[in-house]
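Following: one structure in structure tokens, then a few remarks.
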Amino acid sequence: MQKGTIGVTTENIFPVIKKFLYSDHEIFLRELVSNAVDASQKLRTLQSFGEFKGETGPLDVRVTIDKEAGTITISDNGVGMTEEDVDRYINQIAFSGAEEFLQKYKDTANGIIGHFGLGFYSAFMVAKKVVINTLSYKEGATAVRWECDGSPEYEMGEGTRSSRGTDIILYIDDESKKFLDQSVIDGLLKKYCRFMPVPVISGKEQEWKDGKMVDTERDKIINATEPQWTKKPSELTDKDYIDFYHELYPGQDDPLFWIHLNVDYPFTLTGILYFPKIKNNLDVSRNRIQLYSNQVYVTDSVEGVVPEFMMLMQGVIDSPDIPLNVSRSYLQADTAVKKISGYITKKVADRLDGIFKSDRAEFEKKWDDIKIFIEYGMLTDAKFCDAALKFTLLKDTQGKYYTLEEYKTLVEASQTDKDGKIVYLYTTDSTAQYSYIKAAEDKGYSVLVMDGQLESHFVGLLEQKLQNTTFVRVDSDVVENLIKKNDGPSVELTSVDRNIMTSLFHSQLPVVDKSEFLISFENMGASAMPVTVTQNEYMRRMKDMAAMQPGMDFYSQLPDSYTLVVNTANPIVDRLRSQASEKLGAEIQTLMDSLEAENKELDELQKQGDAADKSKEAELRKKVSDIRAEQEKIVSTYAAEIPEIKQLLDLALLSNGLLKGAELTAFIERSVDLLNQK
Ligand code: ADP
Ligand code: MG
């Protein structure tokens, strides 16, 4: 019987392992099963090198629970270990046997999972005692038994195992009893071992008998040893890819596209990425890309490994070159990871370009669903953006799709403004903005539909990328001003009329929470609507972006600011103007004259600077504001008598969905009254 101290420099490494090495205790199973898988794979490799001349027989890994004894046993019939091996690979922590094996058989020993030499000791995260029973494949080897109770002392001696392979027996500690449950173990094996390359067996298949599920004689195999991503794309049909997708993510719609990744230089990476049909954010956060290392599940927290926009994609990435057991900040700085991320980006762009070129109709059909990936990619990844500009599509309100190039050709002639800028009109909601779209289309303009979640950002990006192009939402101004062809005719209102009209409409504006209204006048032609609501493009975009981004609170706090554009050429407006002008014109003119006189005096006084008579100045200021108030009062008293004014404003607000609650009820009652008057 050999006794010794496990060769670590720290006094006692186990508390460290227990607490810090892996935050998730459950990964002990992944580590031990993958060691068993490694042992099986090694035997195959040795056989192919002629170093093992016997029969391997069917190789598999078994995980057995003994509830009574309180043990979990992981057994394999792989290479096994001699006493020397145990001394070397188990007693000397952090001396990874896998690493050494890989060095020796570099070119053929694919699929060896271990790299770090600490996996075995993760057993002590859940076990108070671990026993190894092992018999090496080597001719004349004797069985070895090793035992350790979690202190740095171990015992090693002759073992009892009579066939090649290894049993790892874990005496589960009191805090970890939950692992002694077949369904818990099944769950973990499904999570971590689902695609391991050697059959993993645990428990029995069950069947329905006499009103309950009972064990059969058949072993339950947990894993698929040859998952689709390990195969050649030429061996797989569309159905294979789709079926595999559903296997990974049950209950989802069919994916839109997929990409089979396959590189061996300068790093090794395989996998299948899917563009899912995104229905809601919950699906995105729940069904994520899974990262594997030689078919061993590692994580689905792939931030930093895949480009950010691919967080929306699904599928599997398998690479032994991603350093898996280290911290995320390390991952992000790792050059291999950067290369991998760059490679994946390029593959995704190539694939999309390929579909676009070979089957544009199909591409267009799926555009609305995939545009979120593409736009997100373009916004977050400059390289992807450049590649994607070739196949980015714009959709107009008729449902037609154009490339950026095609669209430019389409609208260049009719939508270039007086400064030579091409104006792209767009709508974010073709129902709510219907009247504006119609007005623009009646004028022969094309309107794009930009109603995706990211499009307020995306519009900004396109403006940077396309030269001399500006995007204007279709309701951001009256149609005449959306694309300014020349410095249009100024509005022919006398200053008295303008004064009256401003107060007339201003006094009747409703109070809408968190909204602010300005009045302006335009000659929009006799047939155009009397009053239109527009919302400034710049402010609206700022607010939209603020809503999606933290740190832009300033903008999100601002009220929505709308302009009510009064069409002076509309006959109703014109009638209201002339009536008011006739009734109030003279009186307002007088007030305006005295206002001018007072203002002039105030100006003179202010020119004297510090020498000015302060009390006189205050007196003048008061007079000015009194005259203004007087004016307001006269006009608003008059306006209150004319229900049409409020009616016109309300109609404009109504068509923008801004008329609500009490204001809406008042509008309806007023409408009925107006009809009654006839
Ligand atoms: P790694 O797998 O990273 O090498 P581990 O701590 O998981 O590190 O395992 C250490 C070594 O112990 C392995 O490399 C292997 O040589 C040996 N070993 C562990 N489990 C087995 C097993 N079931 N059969 C044969 N050898 C094993
Ligand atoms: Mg290992």
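Labels for the structure tokens follow display order: chains A, B, ..., residues from 1 in each chain, ligands from 1.
For ligand 2, the protein and nucleic acid residues at most 6 Å away, judged by only C-alpha atoms and all ligand atoms, amount to Glu31, Asn35, Gly114, Gly119 and Phe120 of chain A.
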Mind writing the picked residues with all heavy atoms as a compact mmCIF listing (two decimals), in the first residue's frame?
```
# COMPACT_ATOMS: atom_id res chain seq x y z
N GLU A 31 -17.00 16.97 -16.38
CA GLU A 31 -15.56 16.69 -16.33
C GLU A 31 -15.27 15.19 -16.28
O GLU A 31 -14.41 14.69 -17.00
CB GLU A 31 -14.93 17.39 -15.14
CG GLU A 31 -14.93 18.91 -15.25
CD GLU A 31 -14.15 19.41 -16.46
OE1 GLU A 31 -13.12 18.79 -16.80
OE2 GLU A 31 -14.58 20.41 -17.08
N ASN A 35 -13.68 12.89 -19.20
CA ASN A 35 -12.46 12.09 -19.00
C ASN A 35 -12.67 10.66 -19.48
O ASN A 35 -11.79 10.07 -20.10
CB ASN A 35 -12.07 12.06 -17.52
CG ASN A 35 -11.35 13.33 -17.10
OD1 ASN A 35 -10.96 14.14 -17.94
ND2 ASN A 35 -11.19 13.50 -15.79
N GLY A 114 -9.92 17.11 -22.45
CA GLY A 114 -9.20 17.73 -21.33
C GLY A 114 -8.03 18.57 -21.80
O GLY A 114 -7.41 18.29 -22.81
N GLY A 119 -9.78 18.91 -14.12
CA GLY A 119 -11.14 18.40 -14.25
C GLY A 119 -11.46 17.31 -13.25
O GLY A 119 -12.51 17.34 -12.60
N PHE A 120 -10.55 16.37 -13.09
CA PHE A 120 -10.81 15.25 -12.20
C PHE A 120 -11.15 15.72 -10.78
O PHE A 120 -12.05 15.20 -10.14
CB PHE A 120 -9.61 14.31 -12.18
CG PHE A 120 -9.70 13.28 -11.11
CD1 PHE A 120 -10.57 12.20 -11.24
CD2 PHE A 120 -8.96 13.40 -9.94
CE1 PHE A 120 -10.69 11.26 -10.23
CE2 PHE A 120 -9.09 12.47 -8.92
CZ PHE A 120 -9.95 11.40 -9.07
```
Residue contacts of range 212-225 of chain A (10 Å, only C-alpha atoms) excluding same-chain residues fewer than 4 positions away, as a VMD selection string:
chain A and resid 60 to 62 186 to 187 189 to 208 230 295
Just asking: which residues within range 334-494 of chain A are alpha helix (DSSP H) according to DSSP, as a compact mmCIF listing (two decimals) with N, CA, C and O atoms, in the first residue's frame?
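Written out: selection-v2.txt:
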```
# COMPACT_ATOMS: atom_id res chain seq x y z
N THR A 335 -6.73 36.50 -28.69
CA THR A 335 -6.64 36.74 -30.14
C THR A 335 -7.33 35.65 -30.94
O THR A 335 -7.92 35.92 -31.98
N ALA A 336 -7.28 34.41 -30.44
CA ALA A 336 -7.97 33.34 -31.15
C ALA A 336 -9.46 33.65 -31.21
O ALA A 336 -10.11 33.48 -32.25
N VAL A 337 -9.99 34.14 -30.09
CA VAL A 337 -11.41 34.46 -30.04
C VAL A 337 -11.75 35.57 -31.03
O VAL A 337 -12.75 35.52 -31.73
N LYS A 338 -10.85 36.56 -31.09
CA LYS A 338 -11.08 37.65 -32.04
C LYS A 338 -11.10 37.15 -33.47
O LYS A 338 -11.96 37.53 -34.27
N LYS A 339 -10.18 36.27 -33.78
CA LYS A 339 -10.12 35.71 -35.13
C LYS A 339 -11.39 34.93 -35.43
O LYS A 339 -11.94 35.00 -36.52
N ILE A 340 -11.80 34.15 -34.46
CA ILE A 340 -12.99 33.33 -34.64
C ILE A 340 -14.20 34.22 -34.91
O ILE A 340 -14.97 34.00 -35.84
N SER A 341 -14.30 35.25 -34.11
CA SER A 341 -15.42 36.17 -34.26
C SER A 341 -15.40 36.82 -35.65
O SER A 341 -16.43 36.92 -36.32
N GLY A 342 -14.22 37.22 -36.08
CA GLY A 342 -14.09 37.83 -37.41
C GLY A 342 -14.45 36.84 -38.51
O GLY A 342 -15.14 37.18 -39.48
N TYR A 343 -14.02 35.60 -38.32
CA TYR A 343 -14.31 34.58 -39.31
C TYR A 343 -15.82 34.34 -39.42
O TYR A 343 -16.37 34.26 -40.52
N ILE A 344 -16.46 34.23 -38.28
CA ILE A 344 -17.90 33.95 -38.29
C ILE A 344 -18.64 35.10 -38.98
O ILE A 344 -19.54 34.88 -39.78
N THR A 345 -18.24 36.31 -38.66
CA THR A 345 -18.86 37.47 -39.29
C THR A 345 -18.78 37.38 -40.81
O THR A 345 -19.75 37.60 -41.52
N LYS A 346 -17.60 37.02 -41.27
CA LYS A 346 -17.40 36.96 -42.72
C LYS A 346 -18.26 35.85 -43.32
O LYS A 346 -18.89 36.04 -44.36
N LYS A 347 -18.31 34.71 -42.64
CA LYS A 347 -19.11 33.60 -43.14
C LYS A 347 -20.58 33.99 -43.24
O LYS A 347 -21.27 33.65 -44.21
N VAL A 348 -21.07 34.68 -42.22
CA VAL A 348 -22.47 35.07 -42.21
C VAL A 348 -22.75 36.02 -43.38
O VAL A 348 -23.72 35.85 -44.12
N ALA A 349 -21.86 36.99 -43.57
CA ALA A 349 -22.05 37.94 -44.67
C ALA A 349 -21.99 37.22 -46.01
O ALA A 349 -22.83 37.45 -46.89
N ASP A 350 -21.01 36.31 -46.17
CA ASP A 350 -20.89 35.57 -47.44
C ASP A 350 -22.14 34.77 -47.74
O ASP A 350 -22.63 34.73 -48.87
N ARG A 351 -22.65 34.12 -46.71
CA ARG A 351 -23.81 33.26 -46.90
C ARG A 351 -25.03 34.10 -47.31
O ARG A 351 -25.76 33.73 -48.24
N LEU A 352 -25.22 35.22 -46.65
CA LEU A 352 -26.36 36.07 -46.98
C LEU A 352 -26.21 36.60 -48.41
O LEU A 352 -27.16 36.62 -49.19
N ASP A 353 -25.00 36.99 -48.74
CA ASP A 353 -24.74 37.48 -50.09
C ASP A 353 -25.03 36.38 -51.11
O ASP A 353 -25.63 36.63 -52.16
N GLY A 354 -24.64 35.16 -50.76
CA GLY A 354 -24.87 34.02 -51.64
C GLY A 354 -26.37 33.80 -51.89
O GLY A 354 -26.79 33.61 -53.04
N ILE A 355 -27.14 33.83 -50.84
CA ILE A 355 -28.59 33.62 -51.00
C ILE A 355 -29.19 34.77 -51.81
O ILE A 355 -30.01 34.56 -52.70
N PHE A 356 -28.74 35.96 -51.50
CA PHE A 356 -29.25 37.14 -52.21
C PHE A 356 -28.99 36.99 -53.71
O PHE A 356 -29.87 37.24 -54.53
N LYS A 357 -27.79 36.56 -54.06
CA LYS A 357 -27.44 36.46 -55.49
C LYS A 357 -28.14 35.29 -56.16
O LYS A 357 -28.61 35.41 -57.29
N SER A 358 -28.23 34.16 -55.47
CA SER A 358 -28.74 32.97 -56.15
C SER A 358 -30.27 32.91 -56.10
O SER A 358 -30.88 32.31 -56.97
N ARG A 360 -32.95 35.68 -55.19
CA ARG A 360 -33.38 36.97 -54.66
C ARG A 360 -34.83 36.93 -54.16
O ARG A 360 -35.17 37.54 -53.16
N ALA A 361 -35.67 36.17 -54.88
CA ALA A 361 -37.08 36.11 -54.49
C ALA A 361 -37.21 35.56 -53.07
O ALA A 361 -37.95 36.09 -52.24
N GLU A 362 -36.46 34.50 -52.79
CA GLU A 362 -36.46 33.88 -51.47
C GLU A 362 -35.93 34.86 -50.42
O GLU A 362 -36.47 34.98 -49.31
N PHE A 363 -34.89 35.55 -50.80
CA PHE A 363 -34.26 36.51 -49.91
C PHE A 363 -35.24 37.62 -49.55
O PHE A 363 -35.38 38.02 -48.39
N GLU A 364 -35.95 38.11 -50.57
CA GLU A 364 -36.94 39.17 -50.32
C GLU A 364 -38.06 38.67 -49.41
O GLU A 364 -38.53 39.39 -48.53
N LYS A 365 -38.45 37.43 -49.65
CA LYS A 365 -39.55 36.87 -48.86
C LYS A 365 -39.19 36.85 -47.37
O LYS A 365 -40.03 37.03 -46.51
N LYS A 366 -37.91 36.61 -47.10
CA LYS A 366 -37.50 36.49 -45.70
C LYS A 366 -36.92 37.78 -45.14
O LYS A 366 -36.55 37.84 -43.97
N TRP A 367 -36.83 38.78 -46.00
CA TRP A 367 -36.16 40.01 -45.58
C TRP A 367 -36.73 40.59 -44.28
O TRP A 367 -36.00 40.95 -43.37
N ASP A 368 -38.03 40.71 -44.22
CA ASP A 368 -38.63 41.33 -43.03
C ASP A 368 -38.23 40.62 -41.75
O ASP A 368 -38.09 41.25 -40.71
N ASP A 369 -38.03 39.30 -41.85
CA ASP A 369 -37.63 38.55 -40.66
C ASP A 369 -36.13 38.63 -40.39
O ASP A 369 -35.71 38.60 -39.24
N ILE A 370 -35.33 38.71 -41.44
CA ILE A 370 -33.87 38.70 -41.19
C ILE A 370 -33.29 40.09 -41.05
O ILE A 370 -32.16 40.24 -40.62
N LYS A 371 -34.08 41.10 -41.39
CA LYS A 371 -33.48 42.43 -41.39
C LYS A 371 -32.98 42.82 -39.99
O LYS A 371 -32.00 43.54 -39.87
N ILE A 372 -33.61 42.31 -38.96
CA ILE A 372 -33.15 42.66 -37.61
C ILE A 372 -31.72 42.18 -37.37
O ILE A 372 -30.91 42.87 -36.76
N PHE A 373 -31.36 40.99 -37.91
CA PHE A 373 -29.98 40.51 -37.77
C PHE A 373 -29.04 41.41 -38.56
O PHE A 373 -27.97 41.78 -38.10
N ILE A 374 -29.48 41.70 -39.77
CA ILE A 374 -28.59 42.44 -40.66
C ILE A 374 -28.40 43.86 -40.15
O ILE A 374 -27.28 44.37 -40.09
N GLU A 375 -29.49 44.48 -39.75
CA GLU A 375 -29.36 45.85 -39.26
C GLU A 375 -28.54 45.90 -37.97
O GLU A 375 -27.69 46.77 -37.80
N TYR A 376 -28.77 44.96 -37.11
CA TYR A 376 -28.00 44.92 -35.86
C TYR A 376 -26.53 44.69 -36.17
O TYR A 376 -25.65 45.34 -35.61
N GLY A 377 -26.29 43.79 -37.10
CA GLY A 377 -24.92 43.52 -37.51
C GLY A 377 -24.25 44.75 -38.09
O GLY A 377 -23.12 45.08 -37.76
N MET A 378 -24.97 45.45 -38.93
CA MET A 378 -24.40 46.63 -39.57
C MET A 378 -24.14 47.74 -38.55
O MET A 378 -23.16 48.48 -38.65
N LEU A 379 -25.00 47.81 -37.57
CA LEU A 379 -24.84 48.86 -36.56
C LEU A 379 -23.69 48.58 -35.60
O LEU A 379 -23.11 49.50 -35.04
N THR A 380 -23.36 47.30 -35.42
CA THR A 380 -22.38 46.99 -34.39
C THR A 380 -21.05 46.50 -34.94
O THR A 380 -20.10 46.33 -34.19
N ALA A 382 -18.40 47.07 -38.13
CA ALA A 382 -18.08 47.85 -39.33
C ALA A 382 -17.80 46.96 -40.53
O ALA A 382 -18.24 47.25 -41.65
N LYS A 383 -17.10 45.85 -40.30
CA LYS A 383 -16.77 44.96 -41.43
C LYS A 383 -18.03 44.35 -42.01
O LYS A 383 -18.20 44.27 -43.22
N PHE A 384 -18.87 43.91 -41.11
CA PHE A 384 -20.12 43.31 -41.58
C PHE A 384 -20.94 44.35 -42.34
O PHE A 384 -21.55 44.06 -43.36
N CYS A 385 -20.91 45.56 -41.82
CA CYS A 385 -21.68 46.63 -42.44
C CYS A 385 -21.25 46.83 -43.89
O CYS A 385 -22.08 46.88 -44.79
N ASP A 386 -19.96 46.90 -44.10
CA ASP A 386 -19.48 47.11 -45.47
C ASP A 386 -19.91 45.98 -46.39
O ASP A 386 -20.33 46.21 -47.52
N ALA A 387 -19.83 44.76 -45.87
CA ALA A 387 -20.22 43.61 -46.69
C ALA A 387 -21.72 43.63 -46.95
O ALA A 387 -22.18 43.27 -48.04
N ALA A 388 -22.48 44.05 -45.96
CA ALA A 388 -23.94 43.94 -46.05
C ALA A 388 -24.58 45.03 -46.90
O ALA A 388 -25.73 44.88 -47.33
N LEU A 404 -29.93 49.26 -52.27
CA LEU A 404 -29.65 50.68 -52.06
C LEU A 404 -29.38 51.37 -53.40
O LEU A 404 -29.83 52.48 -53.65
N GLU A 405 -28.66 50.66 -54.24
CA GLU A 405 -28.33 51.16 -55.57
C GLU A 405 -29.62 51.40 -56.38
O GLU A 405 -29.84 52.46 -56.95
N GLU A 406 -30.47 50.38 -56.41
CA GLU A 406 -31.72 50.45 -57.19
C GLU A 406 -32.61 51.57 -56.70
O GLU A 406 -33.23 52.28 -57.48
N TYR A 407 -32.66 51.73 -55.40
CA TYR A 407 -33.57 52.73 -54.87
C TYR A 407 -33.09 54.13 -55.21
O TYR A 407 -33.89 55.01 -55.55
N LYS A 408 -31.81 54.29 -55.16
CA LYS A 408 -31.25 55.59 -55.52
C LYS A 408 -31.65 55.95 -56.95
O LYS A 408 -32.13 57.05 -57.22
N THR A 409 -31.47 54.99 -57.85
CA THR A 409 -31.84 55.22 -59.24
C THR A 409 -33.32 55.58 -59.36
O THR A 409 -33.70 56.46 -60.13
N LEU A 410 -34.13 54.89 -58.58
CA LEU A 410 -35.58 55.10 -58.65
C LEU A 410 -35.98 56.53 -58.26
O LEU A 410 -36.80 57.15 -58.93
N VAL A 411 -35.44 57.05 -57.19
CA VAL A 411 -35.96 58.31 -56.66
C VAL A 411 -35.11 59.54 -56.96
O VAL A 411 -35.54 60.67 -56.73
N TYR A 434 -50.94 57.14 -42.43
CA TYR A 434 -51.54 56.92 -43.74
C TYR A 434 -51.75 58.21 -44.54
O TYR A 434 -51.40 58.28 -45.72
N SER A 435 -52.31 59.24 -43.88
CA SER A 435 -52.66 60.45 -44.65
C SER A 435 -51.41 61.14 -45.19
O SER A 435 -51.43 61.71 -46.29
N TYR A 436 -50.32 61.05 -44.47
CA TYR A 436 -49.08 61.67 -44.94
C TYR A 436 -48.49 60.87 -46.10
O TYR A 436 -47.96 61.42 -47.06
N ILE A 437 -48.59 59.54 -45.98
CA ILE A 437 -48.08 58.68 -47.05
C ILE A 437 -48.84 58.98 -48.33
O ILE A 437 -48.27 59.15 -49.41
N LYS A 438 -50.17 59.09 -48.18
CA LYS A 438 -51.01 59.33 -49.34
C LYS A 438 -50.64 60.67 -49.98
O LYS A 438 -50.46 60.76 -51.20
N ALA A 439 -50.49 61.69 -49.14
CA ALA A 439 -50.14 63.00 -49.68
C ALA A 439 -48.82 62.94 -50.45
O ALA A 439 -48.69 63.51 -51.54
N ALA A 440 -47.85 62.20 -49.89
CA ALA A 440 -46.55 62.10 -50.55
C ALA A 440 -46.66 61.33 -51.85
O ALA A 440 -46.09 61.71 -52.88
N GLU A 441 -47.41 60.25 -51.81
CA GLU A 441 -47.54 59.43 -53.02
C GLU A 441 -48.32 60.16 -54.10
O GLU A 441 -48.02 60.03 -55.29
N ASP A 442 -49.33 60.93 -53.68
CA ASP A 442 -50.08 61.73 -54.65
C ASP A 442 -49.16 62.71 -55.37
O ASP A 442 -49.39 63.10 -56.50
N GLU A 455 -34.82 50.59 -36.46
CA GLU A 455 -34.66 51.41 -37.63
C GLU A 455 -34.39 52.89 -37.38
O GLU A 455 -33.88 53.57 -38.24
N SER A 456 -34.69 53.38 -36.16
CA SER A 456 -34.31 54.77 -35.94
C SER A 456 -32.79 54.90 -35.93
O SER A 456 -32.23 55.88 -36.39
N HIS A 457 -32.11 53.85 -35.44
CA HIS A 457 -30.65 53.85 -35.49
C HIS A 457 -30.15 53.59 -36.90
O HIS A 457 -29.19 54.17 -37.37
N PHE A 458 -30.86 52.69 -37.56
CA PHE A 458 -30.42 52.25 -38.87
C PHE A 458 -30.48 53.38 -39.90
O PHE A 458 -29.61 53.52 -40.75
N VAL A 459 -31.53 54.20 -39.80
CA VAL A 459 -31.67 55.34 -40.68
C VAL A 459 -30.43 56.25 -40.56
O VAL A 459 -29.87 56.69 -41.55
N GLY A 460 -30.00 56.45 -39.33
CA GLY A 460 -28.81 57.27 -39.10
C GLY A 460 -27.58 56.66 -39.74
O GLY A 460 -26.74 57.35 -40.33
N LEU A 461 -27.47 55.34 -39.65
CA LEU A 461 -26.33 54.65 -40.24
C LEU A 461 -26.32 54.79 -41.76
O LEU A 461 -25.30 55.08 -42.38
N LEU A 462 -27.49 54.60 -42.35
CA LEU A 462 -27.56 54.71 -43.81
C LEU A 462 -27.21 56.12 -44.27
O LEU A 462 -26.55 56.30 -45.30
N GLU A 463 -27.63 57.11 -43.51
CA GLU A 463 -27.28 58.49 -43.88
C GLU A 463 -25.77 58.68 -43.91
O GLU A 463 -25.24 59.42 -44.72
N GLN A 464 -25.07 57.97 -42.98
CA GLN A 464 -23.61 58.08 -42.99
C GLN A 464 -23.01 57.36 -44.19
O GLN A 464 -22.02 57.80 -44.76
N LYS A 465 -23.60 56.22 -44.54
CA LYS A 465 -23.01 55.38 -45.57
C LYS A 465 -23.35 55.84 -46.98
O LYS A 465 -22.54 55.71 -47.89
N VAL A 479 -46.34 68.06 -46.97
CA VAL A 479 -45.72 67.44 -48.14
C VAL A 479 -44.90 68.44 -48.97
O VAL A 479 -43.82 68.10 -49.47
N GLU A 480 -45.36 69.67 -49.07
CA GLU A 480 -44.63 70.69 -49.84
C GLU A 480 -43.21 70.89 -49.31
O GLU A 480 -42.30 71.21 -50.05
N ASN A 481 -43.06 70.71 -48.00
CA ASN A 481 -41.77 71.01 -47.39
C ASN A 481 -40.89 69.80 -47.16
O ASN A 481 -39.76 69.92 -46.72
N LEU A 482 -41.44 68.60 -47.42
CA LEU A 482 -40.65 67.39 -47.17
C LEU A 482 -39.40 67.42 -48.03
O LEU A 482 -38.30 67.13 -47.58
```
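You can rank A:Asp238, A:Asp613, A:Asp76, A:Glu516 by their closest distance to ligand 1 using only C-alpha atoms and all ligand atoms, and at the top of that list sits A:Asp76.
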Residues within 12 Å of Ile278 in chain A, please, as number ranges by chain. Count only C-alpha atoms; anything in the same chain fewer than 4 positions from it doesn't count.
A: 252-256, 274, 282-288, 312-314, 366, 368-373, 453
Write the selection just made, keeping N, CA, C and O atoms, as a CSV table (one decimal), in the first residue's frame?
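Okay, again.csv is ready:
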```csv
chain,number,residue,atom,x,y,z
A,252,GLN,N,-39.9,25.8,-31.6
A,252,GLN,CA,-39.7,27.0,-32.3
A,252,GLN,C,-40.2,26.8,-33.8
A,252,GLN,O,-40.3,25.7,-34.3
A,253,ASP,N,-40.5,27.9,-34.5
A,253,ASP,CA,-40.8,27.9,-35.9
A,253,ASP,C,-39.5,27.4,-36.6
A,253,ASP,O,-38.4,27.5,-36.1
A,254,ASP,N,-39.7,27.0,-37.9
A,254,ASP,CA,-38.6,26.6,-38.7
A,254,ASP,C,-37.6,27.8,-38.8
A,254,ASP,O,-38.1,29.0,-38.8
A,255,PRO,N,-36.3,27.5,-38.9
A,255,PRO,CA,-35.4,28.6,-39.0
A,255,PRO,C,-35.5,29.2,-40.4
A,255,PRO,O,-36.0,28.6,-41.3
A,256,LEU,N,-35.0,30.4,-40.6
A,256,LEU,CA,-35.0,31.1,-41.9
A,256,LEU,C,-33.9,30.6,-42.8
A,256,LEU,O,-34.1,30.3,-44.0
A,274,TYR,N,-28.0,29.2,-37.0
A,274,TYR,CA,-29.4,29.4,-37.6
A,274,TYR,C,-29.8,30.8,-37.4
A,274,TYR,O,-29.6,31.5,-36.4
A,282,LEU,N,-38.3,37.1,-25.4
A,282,LEU,CA,-38.1,35.9,-24.5
A,282,LEU,C,-37.3,34.8,-25.2
A,282,LEU,O,-36.4,34.2,-24.7
A,283,ASP,N,-37.8,34.5,-26.5
A,283,ASP,CA,-37.1,33.5,-27.2
A,283,ASP,C,-35.7,33.8,-27.4
A,283,ASP,O,-34.8,32.9,-27.4
A,284,VAL,N,-35.3,35.1,-27.6
A,284,VAL,CA,-34.0,35.5,-27.9
A,284,VAL,C,-33.1,35.2,-26.7
A,284,VAL,O,-32.0,34.6,-26.8
A,285,SER,N,-33.6,35.5,-25.5
A,285,SER,CA,-32.8,35.3,-24.3
A,285,SER,C,-32.8,33.8,-23.9
A,285,SER,O,-31.8,33.4,-23.2
A,286,ARG,N,-33.7,33.1,-24.3
A,286,ARG,CA,-33.8,31.7,-23.8
A,286,ARG,C,-33.0,30.7,-24.7
A,286,ARG,O,-32.3,29.8,-24.3
A,287,ASN,N,-33.2,30.9,-26.0
A,287,ASN,CA,-32.6,30.0,-27.0
A,287,ASN,C,-31.4,30.6,-27.6
A,287,ASN,O,-31.4,31.2,-28.7
A,288,ARG,N,-30.3,30.3,-27.0
A,288,ARG,CA,-29.1,31.0,-27.4
A,288,ARG,C,-28.1,30.0,-28.1
A,288,ARG,O,-28.3,28.8,-28.0
A,312,LEU,N,-28.4,37.2,-31.5
A,312,LEU,CA,-29.7,36.9,-31.9
A,312,LEU,C,-29.8,35.6,-32.7
A,312,LEU,O,-30.9,35.1,-33.0
A,313,MET,N,-28.7,35.0,-33.0
A,313,MET,CA,-28.7,33.8,-33.8
A,313,MET,C,-28.8,32.6,-32.9
A,313,MET,O,-28.6,32.8,-31.7
A,314,GLN,N,-29.0,31.4,-33.4
A,314,GLN,CA,-29.0,30.2,-32.6
A,314,GLN,C,-28.1,29.2,-33.3
A,314,GLN,O,-27.7,29.4,-34.4
A,366,LYS,N,-37.9,36.6,-47.1
A,366,LYS,CA,-37.5,36.5,-45.7
A,366,LYS,C,-36.9,37.8,-45.1
A,366,LYS,O,-36.5,37.8,-44.0
A,368,ASP,N,-38.0,40.7,-44.2
A,368,ASP,CA,-38.6,41.3,-43.0
A,368,ASP,C,-38.2,40.6,-41.7
A,368,ASP,O,-38.1,41.2,-40.7
A,369,ASP,N,-38.0,39.3,-41.8
A,369,ASP,CA,-37.6,38.6,-40.7
A,369,ASP,C,-36.1,38.6,-40.4
A,369,ASP,O,-35.7,38.6,-39.2
A,370,ILE,N,-35.3,38.7,-41.4
A,370,ILE,CA,-33.9,38.7,-41.2
A,370,ILE,C,-33.3,40.1,-41.0
A,370,ILE,O,-32.2,40.2,-40.6
A,371,LYS,N,-34.1,41.1,-41.4
A,371,LYS,CA,-33.5,42.4,-41.4
A,371,LYS,C,-33.0,42.8,-40.0
A,371,LYS,O,-32.0,43.5,-39.9
A,372,ILE,N,-33.6,42.3,-39.0
A,372,ILE,CA,-33.2,42.7,-37.6
A,372,ILE,C,-31.7,42.2,-37.4
A,372,ILE,O,-30.9,42.9,-36.8
A,373,PHE,N,-31.4,41.0,-37.9
A,373,PHE,CA,-30.0,40.5,-37.8
A,373,PHE,C,-29.0,41.4,-38.6
A,373,PHE,O,-28.0,41.8,-38.1
A,453,GLN,N,-37.6,47.3,-35.2
A,453,GLN,CA,-37.2,47.8,-33.9
A,453,GLN,C,-35.9,48.7,-33.9
A,453,GLN,O,-35.8,49.6,-33.0
```
One decimal, Å: what's the distance from CA of Ile72 in chain A over to CA of Leu170 in chain A, could you say?
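That distance, rounded to one decimal, is 5.2 Å.
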Kindly indicate which residue among A:Glu68, A:Glu83, A:Asp167, A:Asp626 lies nearest to ligand 1, using only C-alpha atoms and all ligand atoms for the distances.
A:Asp167
Nearest to ligand 1 among A:Ile500, A:Ile27, A:Val305, A:Met1, with distances taken over only C-alpha atoms and all ligand atoms: which residue is it?
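Counting only C-alpha atoms and all ligand atoms, the residue closest to ligand 1 is A:Ile27.
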Please give the complete set of residues from range 51-239 of chain A that DSSP, run on the backbone, assigns to strand (DSSP E), formatted as a PyMOL selection string.
chain A and resi 61-66+71-76+127-135+144-148+153-158+165-172+200-209+212-221
So, counting only C-alpha atoms, which residue among A:Leu46, A:Glu582, A:Ala127, A:Asn133 is closest to His25 in chain A?
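Nearest candidate to His25 in chain A out of A:Leu46, A:Glu582, A:Ala127, A:Asn133: A:Ala127.
As for CA of Leu32 in chain A and CA of Thr270 in chain A, they are spaced 24.0 Å apart.
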